[in-house]
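Q: The structure that follows is given in the form of structure tokens.
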Amino acid sequence: MARRSLLDEELAAVTETGLYKSREAFLTDAVNTFLAARPDLRETVACHLYEKGVFSLGRAAEWSGLSVEEIKQSLHEKGVVRQSSSDLAEIEEQARRSAEAAGRSAR
């Protein structure tokens with residue numbers, strides 16, 4: 001019979017204590033805590049997810065905690081070619097957020 005690794009034992013112990021409902025819940029919390037402590041890693045992951053098409057530009061900026069202009073700069077520095085958004089809803093949402101940030105309401 002194969003012996004479980006120490007990491008598997010530790011993850012099992014976390015759920016066995018009842019502090020987390022599942023291994024996934026604990027891992028989600030652990031990753032979020034780690035990414036909060038490492039904004040550089042969060043930025044890099046956001047750029048990678050944008051490059052893969054998982055995140056839109058706005059979502060990458062929001063998830064990374066950067067402004068849209070900052071994430072654009074980060075993408076450029078990492079050599080990631082930005083794709084034009086053809087999704088009208090996303091463009092309208094970006095326009096609404098920009099207007100709110102400028103203290104105006106979008107019509």
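Letters for chains follow the order of the structure tokens (A, B, ...), residue numbers begin at 1 for each chain, and ligand numbers begin at 1 in the order shown.
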Mind checking which residues fall within 7 Å of segment 64-81 of chain A, counting only C-alpha atoms, ignoring those fewer than 3 positions away in the same chain, and posting them as an MDAnalysis selection string?
A: chainID A and resid 42:43 46:47 51 58 60:61
Q: Using DSSP assignments from the backbone, pull out every residue in chain A that falls under alpha helix (DSSP H) and give it to me as a PyMOL selection string.
A: chain A and resi 6-16+23-37+39-51+57-64+68-77+88-101
Q: Filtering to C-alpha atoms, could you give me those residues as a PDB file, in the first residue's frame?
A:
ATOM      1  CA  LEU A   6       3.481  14.539   4.437  1.00  0.00           C
ATOM      2  CA  LEU A   7       1.662  17.244   2.472  1.00  0.00           C
ATOM      3  CA  ASP A   8      -1.300  14.916   1.917  1.00  0.00           C
ATOM      4  CA  GLU A   9      -1.308  14.102   5.634  1.00  0.00           C
ATOM      5  CA  GLU A  10      -1.253  17.803   6.542  1.00  0.00           C
ATOM      6  CA  LEU A  11      -4.061  18.649   4.117  1.00  0.00           C
ATOM      7  CA  ALA A  12      -6.148  15.762   5.434  1.00  0.00           C
ATOM      8  CA  ALA A  13      -5.548  16.958   9.009  1.00  0.00           C
ATOM      9  CA  VAL A  14      -6.843  20.435   8.147  1.00  0.00           C
ATOM     10  CA  THR A  15     -10.215  19.070   7.063  1.00  0.00           C
ATOM     11  CA  GLU A  16     -10.296  16.500   9.870  1.00  0.00           C
ATOM     12  CA  ARG A  23      -9.364  20.418   1.090  1.00  0.00           C
ATOM     13  CA  GLU A  24     -10.326  22.771  -1.759  1.00  0.00           C
ATOM     14  CA  ALA A  25     -11.732  25.365   0.660  1.00  0.00           C
ATOM     15  CA  PHE A  26      -8.484  25.345   2.609  1.00  0.00           C
ATOM     16  CA  LEU A  27      -6.340  25.518  -0.527  1.00  0.00           C
ATOM     17  CA  THR A  28      -8.413  28.429  -1.854  1.00  0.00           C
ATOM     18  CA  ASP A  29      -7.919  30.316   1.397  1.00  0.00           C
ATOM     19  CA  ALA A  30      -4.212  29.466   1.492  1.00  0.00           C
ATOM     20  CA  VAL A  31      -3.630  30.588  -2.107  1.00  0.00           C
ATOM     21  CA  ASN A  32      -5.599  33.825  -1.569  1.00  0.00           C
ATOM     22  CA  THR A  33      -3.563  34.570   1.559  1.00  0.00           C
ATOM     23  CA  PHE A  34      -0.320  33.859  -0.257  1.00  0.00           C
ATOM     24  CA  LEU A  35      -1.286  36.028  -3.244  1.00  0.00           C
ATOM     25  CA  ALA A  36      -2.271  38.882  -0.914  1.00  0.00           C
ATOM     26  CA  ALA A  37       1.223  38.725   0.586  1.00  0.00           C
ATOM     27  CA  PRO A  39       1.380  41.284  -5.135  1.00  0.00           C
ATOM     28  CA  ASP A  40       4.208  40.659  -7.621  1.00  0.00           C
ATOM     29  CA  LEU A  41       3.090  37.060  -8.015  1.00  0.00           C
ATOM     30  CA  ARG A  42      -0.562  38.102  -8.259  1.00  0.00           C
ATOM     31  CA  GLU A  43       0.353  40.528 -11.059  1.00  0.00           C
ATOM     32  CA  THR A  44       2.333  37.870 -12.934  1.00  0.00           C
ATOM     33  CA  VAL A  45      -0.482  35.316 -12.631  1.00  0.00           C
ATOM     34  CA  ALA A  46      -3.044  37.900 -13.810  1.00  0.00           C
ATOM     35  CA  CYS A  47      -0.890  38.633 -16.873  1.00  0.00           C
ATOM     36  CA  HIS A  48      -0.546  34.933 -17.598  1.00  0.00           C
ATOM     37  CA  LEU A  49      -4.296  34.349 -17.298  1.00  0.00           C
ATOM     38  CA  TYR A  50      -4.890  37.321 -19.615  1.00  0.00           C
ATOM     39  CA  GLU A  51      -2.414  35.887 -22.121  1.00  0.00           C
ATOM     40  CA  LEU A  57      -8.027  43.218 -19.544  1.00  0.00           C
ATOM     41  CA  GLY A  58     -10.459  44.663 -16.989  1.00  0.00           C
ATOM     42  CA  ARG A  59     -10.648  41.405 -15.060  1.00  0.00           C
ATOM     43  CA  ALA A  60      -6.844  41.072 -15.016  1.00  0.00           C
ATOM     44  CA  ALA A  61      -6.550  44.604 -13.641  1.00  0.00           C
ATOM     45  CA  GLU A  62      -9.236  44.019 -11.018  1.00  0.00           C
ATOM     46  CA  TRP A  63      -7.882  40.623  -9.940  1.00  0.00           C
ATOM     47  CA  SER A  64      -4.312  41.894  -9.687  1.00  0.00           C
ATOM     48  CA  VAL A  68      -6.047  49.176 -16.255  1.00  0.00           C
ATOM     49  CA  GLU A  69      -3.102  51.371 -17.249  1.00  0.00           C
ATOM     50  CA  GLU A  70      -0.804  49.575 -14.789  1.00  0.00           C
ATOM     51  CA  ILE A  71      -1.823  46.127 -16.050  1.00  0.00           C
ATOM     52  CA  LYS A  72      -1.302  47.307 -19.640  1.00  0.00           C
ATOM     53  CA  GLN A  73       2.233  48.358 -18.676  1.00  0.00           C
ATOM     54  CA  SER A  74       2.845  45.052 -16.924  1.00  0.00           C
ATOM     55  CA  LEU A  75       1.617  43.108 -19.964  1.00  0.00           C
ATOM     56  CA  HIS A  76       3.920  45.164 -22.173  1.00  0.00           C
ATOM     57  CA  GLU A  77       6.915  44.549 -19.882  1.00  0.00           C
ATOM     58  CA  LEU A  88     -19.457  45.337 -26.387  1.00  0.00           C
ATOM     59  CA  ALA A  89     -20.611  44.620 -22.826  1.00  0.00           C
ATOM     60  CA  GLU A  90     -17.014  44.700 -21.583  1.00  0.00           C
ATOM     61  CA  ILE A  91     -16.317  47.979 -23.395  1.00  0.00           C
ATOM     62  CA  GLU A  92     -19.475  49.522 -21.925  1.00  0.00           C
ATOM     63  CA  GLU A  93     -18.514  48.301 -18.433  1.00  0.00           C
ATOM     64  CA  GLN A  94     -15.042  49.832 -18.765  1.00  0.00           C
ATOM     65  CA  ALA A  95     -16.591  53.108 -19.911  1.00  0.00           C
ATOM     66  CA  ARG A  96     -18.991  53.071 -16.939  1.00  0.00           C
ATOM     67  CA  ARG A  97     -16.140  52.445 -14.477  1.00  0.00           C
ATOM     68  CA  SER A  98     -14.033  55.179 -16.046  1.00  0.00           C
ATOM     69  CA  ALA A  99     -16.912  57.636 -15.814  1.00  0.00           C
ATOM     70  CA  GLU A 100     -17.531  56.719 -12.162  1.00  0.00           C
ATOM     71  CA  ALA A 101     -13.845  57.106 -11.355  1.00  0.00           C
TER      72      ALA A 101
END
Q: What is the distance, in Å and to one decimal place, between atom CA of Ala102 of chain A and atom CA of Ser56 of chain A?
A: 21.9 Å
